[in-house]
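A short write-up of the structure that comes next.
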Amino acid sequence: MREKMKIAIITAGVLPFPPIKGGAVENLIDSYIKYNEEYLDHKLTVFSIDDKHINKTILSEYHKTNFIFINTHKYIYKALFFLKKRINKYHKYTENIYLNTILDTIKNITFDYIIIENRPEFVLPIYNASNSKLILHLHNDTLNPETKEADKIVLHCCKVLCVSNFIKNRVLDIKNIDKNKIYKLYNGIDINLFHFNHIKREEIRNRFGVKNDELLLCFSGRLTQEKGLYELLLALDLLLKEKRVKIKLLVLGSIFYGKKEEETTYKKMLQEQSCKNIDHIIFTGYVPYNEIPDYLSAGDIAVLPSIWEEPFGLTILECMSIGLPVISSDSGGIPEIVDNKSGILVKRSESFVKDLSNAILDLINNQEKRENLAKYAAIRAHKFTKENFCEHIFSILSQ
């Protein structure tokens with residue numbers, strides 16, 4: 001029997017936990033906390049920003065977990081008065097409230113481990129305030145040779161968990177670190193949630209007027225520049241102009257930014273490009289996490305063309321689990337998820353948009369290939385289950 005541990009979990013402080021407002025990292029945290037609730041007996045303490053929608057009913061699902069909620073808005077009017085709507089400084093201000101409250105709380109408590117979720121900049125302040133062993137769980141490429149005091153951050157962690165080999169190798173590029181404390185820990189999804197639903201397929205397609213002879217492309221994720229939606233809209237324009245194919249595009253997601261000017265600029269770009277083919281594009285806006293499988297079931301091809309170094313790509317895995325053939329890019333950790341039996345990876349180059357449209361056209365014109373990729377995508381997704389993820393993280397903790 002595994003030894004019981006006292007573990008603190010520091011969430012990123014951007015979205016609340018429990019994940020009432022979604023968030024890939026927050027849902028992953030939820031999976032291993034609920035795994036502990038069902039199978040283990042560790043005593044967990046979770047630090048999260050407060051939210052008015054968190055209530056006793058939501059928290060009643062957790063019996064082995066203590067929550068410490070931090071109200072980062074208690075000085076909002078004072079902050080706005082002094083900062084005069086300077087958005088960047090305001091976000092920094094609320095982050096300081098969050099971190100400083102954590103530091104005040106943990107200085108008199110010793111945990112077996114403090115897990116810091118995706119915030120390498122929290123490591124040194126927490127190390128100085130606590131006697132507990134620190135674990136940094138990286139979901140993004142934020143700890144690498146370019147990171148300020150990267151070697152000290154690694155030095156003061158007993159373990160660094162990385163969501164892919166791509167992220168792990170970025171950490172290993174840091175000079176003079178102990179390579180034995182760097183671990184690969186693949187993310188996982190709920191296979192039972194992300195499964196094909198024929199009834200929902202017909203319902204969603206009917207709701208949005210998708211005809212039987214039309215193929216539905218699916219994009220799922222935040223509508224941010226790095227996710228490549230704009231490039232997908234350009235590729236769609238090429239297909240509709242040059243090939244006159246019978247397709248529509250379903251876009252699941254919403255804008256999520258910290259900087260208003262970036263949101264406005266990119267949103268305007270998406271709007272202007274979408275207007276050229278408005279009859280072929282469906283924007284759903286925000287969709288609750290547990291409803292995403294219903295929408296994906298309506299699709300025929302998932303197109304997720306990340307143009308940045310994607311750390312892992314949970315949405316890709318979710319589409320694969322539904323049984324959708326995937327078209328993505330050769331970025332970051334994506335090649336660790338998608339192989340040539342389950343999807344097509346487009347090389348990021350000057351001809352990316354054209355190559356993306358050709359990859360889509362290839363699957364439109366080749367039903368057998370489309371079906372084979374879909375079959376193997378669903379099989380491969382079973383290698384990345386939340387159960388595997390949870391077992392692995394607690395196995396690393398117990399070492």
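By convention in this document, the chains of the structure tokens carry letters A, B, ... by their order, each chain's residues are numbered from 1, and ligands are numbered from 1 in the order they are shown.
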DSSP strand (DSSP E) residues within region 184-326 of chain A, as an MDAnalysis selection string: chainID A and resid 184 215:220 247:252 281:285 301:304 326
Those in region 196-271 of chain A with helix (DSSP H, G or I) from DSSP, as a ChimeraX atom specification: /A:198-207,225-227,229-243,260-271
Spatial neighbours of region 119-127 of chain A, 8 Å, only C-alpha atoms, chain gap at least 2 places, as a ChimeraX atom specification: /A:12,99,103,116-117,129-132,134,136,138,142-143,152-153,156-157
Write the selection just made, keeping N, CA, C and O atoms, as a PDB file, in the first residue's frame?
ATOM      1  N   ALA A  12      -2.707  27.663 -11.535  1.00  0.00           N
ATOM      2  CA  ALA A  12      -2.029  28.772 -12.210  1.00  0.00           C
ATOM      3  C   ALA A  12      -2.548  30.146 -11.811  1.00  0.00           C
ATOM      4  O   ALA A  12      -1.880  31.155 -12.007  1.00  0.00           O
ATOM      5  N   LEU A  99      -0.180  35.165  -5.511  1.00  0.00           N
ATOM      6  CA  LEU A  99       1.057  34.545  -5.047  1.00  0.00           C
ATOM      7  C   LEU A  99       1.382  34.949  -3.618  1.00  0.00           C
ATOM      8  O   LEU A  99       1.753  34.090  -2.794  1.00  0.00           O
ATOM      9  N   LEU A 103       2.029  32.548  -0.351  1.00  0.00           N
ATOM     10  CA  LEU A 103       3.265  32.580   0.432  1.00  0.00           C
ATOM     11  C   LEU A 103       2.958  32.762   1.921  1.00  0.00           C
ATOM     12  O   LEU A 103       3.568  32.113   2.771  1.00  0.00           O
ATOM     13  N   ILE A 116       3.455  22.801  -8.279  1.00  0.00           N
ATOM     14  CA  ILE A 116       3.200  24.104  -8.899  1.00  0.00           C
ATOM     15  C   ILE A 116       2.824  23.852 -10.353  1.00  0.00           C
ATOM     16  O   ILE A 116       3.619  23.363 -11.139  1.00  0.00           O
ATOM     17  N   GLU A 117       1.579  24.182 -10.682  1.00  0.00           N
ATOM     18  CA  GLU A 117       1.058  23.882 -12.008  1.00  0.00           C
ATOM     19  C   GLU A 117       1.361  25.009 -12.992  1.00  0.00           C
ATOM     20  O   GLU A 117       0.767  26.089 -12.931  1.00  0.00           O
ATOM     21  N   ALA A 129       9.765  30.554   0.860  1.00  0.00           N
ATOM     22  CA  ALA A 129       8.747  30.675   1.905  1.00  0.00           C
ATOM     23  C   ALA A 129       8.393  29.354   2.568  1.00  0.00           C
ATOM     24  O   ALA A 129       7.712  29.342   3.593  1.00  0.00           O
ATOM     25  N   SER A 130       8.852  28.239   2.000  1.00  0.00           N
ATOM     26  CA  SER A 130       8.384  26.937   2.464  1.00  0.00           C
ATOM     27  C   SER A 130       9.536  25.960   2.666  1.00  0.00           C
ATOM     28  O   SER A 130      10.581  26.066   2.021  1.00  0.00           O
ATOM     29  N   ASN A 131       9.318  24.989   3.552  1.00  0.00           N
ATOM     30  CA  ASN A 131      10.278  23.904   3.753  1.00  0.00           C
ATOM     31  C   ASN A 131       9.886  22.648   2.983  1.00  0.00           C
ATOM     32  O   ASN A 131      10.519  21.607   3.130  1.00  0.00           O
ATOM     33  N   SER A 132       8.841  22.747   2.183  1.00  0.00           N
ATOM     34  CA  SER A 132       8.322  21.583   1.461  1.00  0.00           C
ATOM     35  C   SER A 132       9.097  21.333   0.175  1.00  0.00           C
ATOM     36  O   SER A 132       9.697  22.249  -0.399  1.00  0.00           O
ATOM     37  N   LEU A 134       9.398  20.811  -3.740  1.00  0.00           N
ATOM     38  CA  LEU A 134       8.623  21.417  -4.826  1.00  0.00           C
ATOM     39  C   LEU A 134       8.680  20.562  -6.083  1.00  0.00           C
ATOM     40  O   LEU A 134       9.742  20.053  -6.459  1.00  0.00           O
ATOM     41  N   LEU A 136       7.469  21.020 -10.126  1.00  0.00           N
ATOM     42  CA  LEU A 136       6.937  21.897 -11.166  1.00  0.00           C
ATOM     43  C   LEU A 136       6.352  21.041 -12.274  1.00  0.00           C
ATOM     44  O   LEU A 136       7.034  20.182 -12.828  1.00  0.00           O
ATOM     45  N   LEU A 138       4.996  21.235 -15.890  1.00  0.00           N
ATOM     46  CA  LEU A 138       5.032  22.131 -17.049  1.00  0.00           C
ATOM     47  C   LEU A 138       4.061  21.687 -18.133  1.00  0.00           C
ATOM     48  O   LEU A 138       4.124  20.559 -18.614  1.00  0.00           O
ATOM     49  N   THR A 142       7.801  27.112 -21.057  1.00  0.00           N
ATOM     50  CA  THR A 142       8.096  28.304 -20.259  1.00  0.00           C
ATOM     51  C   THR A 142       9.317  28.116 -19.367  1.00  0.00           C
ATOM     52  O   THR A 142       9.643  29.010 -18.579  1.00  0.00           O
ATOM     53  N   LEU A 143       9.993  26.969 -19.471  1.00  0.00           N
ATOM     54  CA  LEU A 143      11.235  26.746 -18.731  1.00  0.00           C
ATOM     55  C   LEU A 143      12.262  26.178 -19.705  1.00  0.00           C
ATOM     56  O   LEU A 143      12.215  25.003 -20.073  1.00  0.00           O
ATOM     57  N   LYS A 152      18.329  27.927 -11.519  1.00  0.00           N
ATOM     58  CA  LYS A 152      17.922  27.977 -10.113  1.00  0.00           C
ATOM     59  C   LYS A 152      16.534  27.372  -9.913  1.00  0.00           C
ATOM     60  O   LYS A 152      16.265  26.722  -8.901  1.00  0.00           O
ATOM     61  N   ILE A 153      15.646  27.609 -10.869  1.00  0.00           N
ATOM     62  CA  ILE A 153      14.292  27.042 -10.780  1.00  0.00           C
ATOM     63  C   ILE A 153      14.366  25.524 -10.743  1.00  0.00           C
ATOM     64  O   ILE A 153      13.731  24.870  -9.900  1.00  0.00           O
ATOM     65  N   HIS A 156      15.894  24.123  -7.410  1.00  0.00           N
ATOM     66  CA  HIS A 156      15.047  24.155  -6.222  1.00  0.00           C
ATOM     67  C   HIS A 156      13.793  23.291  -6.350  1.00  0.00           C
ATOM     68  O   HIS A 156      12.935  23.314  -5.458  1.00  0.00           O
ATOM     69  N   CYS A 157      13.663  22.578  -7.446  1.00  0.00           N
ATOM     70  CA  CYS A 157      12.598  21.574  -7.597  1.00  0.00           C
ATOM     71  C   CYS A 157      13.191  20.180  -7.397  1.00  0.00           C
ATOM     72  O   CYS A 157      14.306  19.916  -7.843  1.00  0.00           O
TER      73      CYS A 157
END
Exercise: Lys184 (chain A) partners within 9 Å, only C-alpha atoms, chain neighbours under 3 positions left out, as a list in words: Val160, Leu161, Cys162, Val163, Ser164, Asn165, Ile167 and Lys168 of chain A
Proximity to Asp30 (chain A) - best of A:Lys179, A:Ile316, A:Gly188, A:Gln271, only C-alpha atoms: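 Looking at the shortest contact to Asp30 (chain A), the residue is A:Gly188.
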Residue nearest Phe208 (chain A) - candidates A:Glu272, A:Asp279, A:Asp237, A:Asp51, atoms counted: only C-alpha atoms: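 Distance minimum relative to Phe208 (chain A) lands on A:Asp279.
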Contacts of Pro288 (chain A) within 9 Å, only C-alpha atoms, excl. fewer than 3 positions in-chain, as a ChimeraX atom specification: /A:20-22,291-292
Selection export as a PDB file, in the first residue's frame, atoms kept: all heavy atoms:
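What landed in result01.pdb:
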ATOM      1  N   ILE A  20     -14.941  25.085 -13.317  1.00  0.00           N
ATOM      2  CA  ILE A  20     -16.288  25.498 -13.729  1.00  0.00           C
ATOM      3  C   ILE A  20     -16.262  26.355 -14.980  1.00  0.00           C
ATOM      4  O   ILE A  20     -17.291  26.528 -15.645  1.00  0.00           O
ATOM      5  CB  ILE A  20     -17.000  26.255 -12.590  1.00  0.00           C
ATOM      6  CG1 ILE A  20     -16.148  27.456 -12.159  1.00  0.00           C
ATOM      7  CG2 ILE A  20     -17.296  25.332 -11.422  1.00  0.00           C
ATOM      8  CD1 ILE A  20     -16.838  28.375 -11.184  1.00  0.00           C
ATOM      9  N   LYS A  21     -15.082  26.897 -15.305  1.00  0.00           N
ATOM     10  CA  LYS A  21     -14.944  27.707 -16.520  1.00  0.00           C
ATOM     11  C   LYS A  21     -14.001  27.055 -17.519  1.00  0.00           C
ATOM     12  O   LYS A  21     -13.457  27.716 -18.402  1.00  0.00           O
ATOM     13  CB  LYS A  21     -14.468  29.118 -16.157  1.00  0.00           C
ATOM     14  CG  LYS A  21     -15.498  29.914 -15.366  1.00  0.00           C
ATOM     15  CD  LYS A  21     -15.057  31.337 -15.126  1.00  0.00           C
ATOM     16  CE  LYS A  21     -16.152  32.127 -14.412  1.00  0.00           C
ATOM     17  NZ  LYS A  21     -15.721  33.521 -14.125  1.00  0.00           N
ATOM     18  N   GLY A  22     -13.839  25.741 -17.397  1.00  0.00           N
ATOM     19  CA  GLY A  22     -12.998  25.008 -18.334  1.00  0.00           C
ATOM     20  C   GLY A  22     -11.526  25.222 -18.056  1.00  0.00           C
ATOM     21  O   GLY A  22     -11.113  25.589 -16.962  1.00  0.00           O
ATOM     22  N   GLU A 291     -19.778  18.967 -23.221  1.00  0.00           N
ATOM     23  CA  GLU A 291     -20.598  18.947 -24.435  1.00  0.00           C
ATOM     24  C   GLU A 291     -19.757  18.896 -25.714  1.00  0.00           C
ATOM     25  O   GLU A 291     -20.299  18.666 -26.797  1.00  0.00           O
ATOM     26  CB  GLU A 291     -21.517  20.177 -24.476  1.00  0.00           C
ATOM     27  CG  GLU A 291     -22.562  20.209 -23.370  1.00  0.00           C
ATOM     28  CD  GLU A 291     -23.426  21.452 -23.439  1.00  0.00           C
ATOM     29  OE1 GLU A 291     -23.465  22.083 -24.524  1.00  0.00           O
ATOM     30  OE2 GLU A 291     -24.044  21.810 -22.416  1.00  0.00           O
ATOM     31  N   ILE A 292     -18.460  19.111 -25.587  1.00  0.00           N
ATOM     32  CA  ILE A 292     -17.598  19.122 -26.763  1.00  0.00           C
ATOM     33  C   ILE A 292     -17.668  17.809 -27.548  1.00  0.00           C
ATOM     34  O   ILE A 292     -17.728  17.838 -28.795  1.00  0.00           O
ATOM     35  CB  ILE A 292     -16.145  19.448 -26.360  1.00  0.00           C
ATOM     36  CG1 ILE A 292     -16.052  20.905 -25.900  1.00  0.00           C
ATOM     37  CG2 ILE A 292     -15.175  19.209 -27.520  1.00  0.00           C
ATOM     38  CD1 ILE A 292     -14.689  21.316 -25.385  1.00  0.00           C
TER      39      ILE A 292
END
Exercise: Asp300 (chain A) partners within 8 Å, only C-alpha atoms, chain neighbours under 6 positions left out, as a PyMOL selection string: chain A and resi 215-218+324-325
A:Leu234, A:Lys243, A:Lys200, A:Leu249 ranked by distance to Ser351 (chain A), top pick (using only C-alpha atoms):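 Checking each of A:Leu234, A:Lys243, A:Lys200, A:Leu249 against Ser351 (chain A), counting only C-alpha atoms, the winner is A:Leu234.
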Counting only C-alpha atoms, the option among A:Asn197, A:Asn388, A:Asn206, A:Thr265 closest to Leu296 (chain A): A:Asn197
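Across A:Val210, A:Ile182, A:Ile199, A:Ile114, the tightest approach to Lys43 (chain A) is made by A:Ile114 when counting only C-alpha atoms.
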Spatial neighbours of Glu226 (chain A), max dist 9 Å, only C-alpha atoms, sep filter under 2 positions, as a ChimeraX atom specification: /A:223-224,228-229,305-310
Residue nearest Glu371 (chain A) among A:Gly253, A:Glu391, A:Val326, A:Gly333 (counting only C-alpha atoms):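 Residue with the minimum atom-to-atom distance to Glu371 (chain A): A:Val326.
Rounded to one decimal, CA of Phe194 (chain A) and CA of Glu387 (chain A) lie 13.9 Å from each other.
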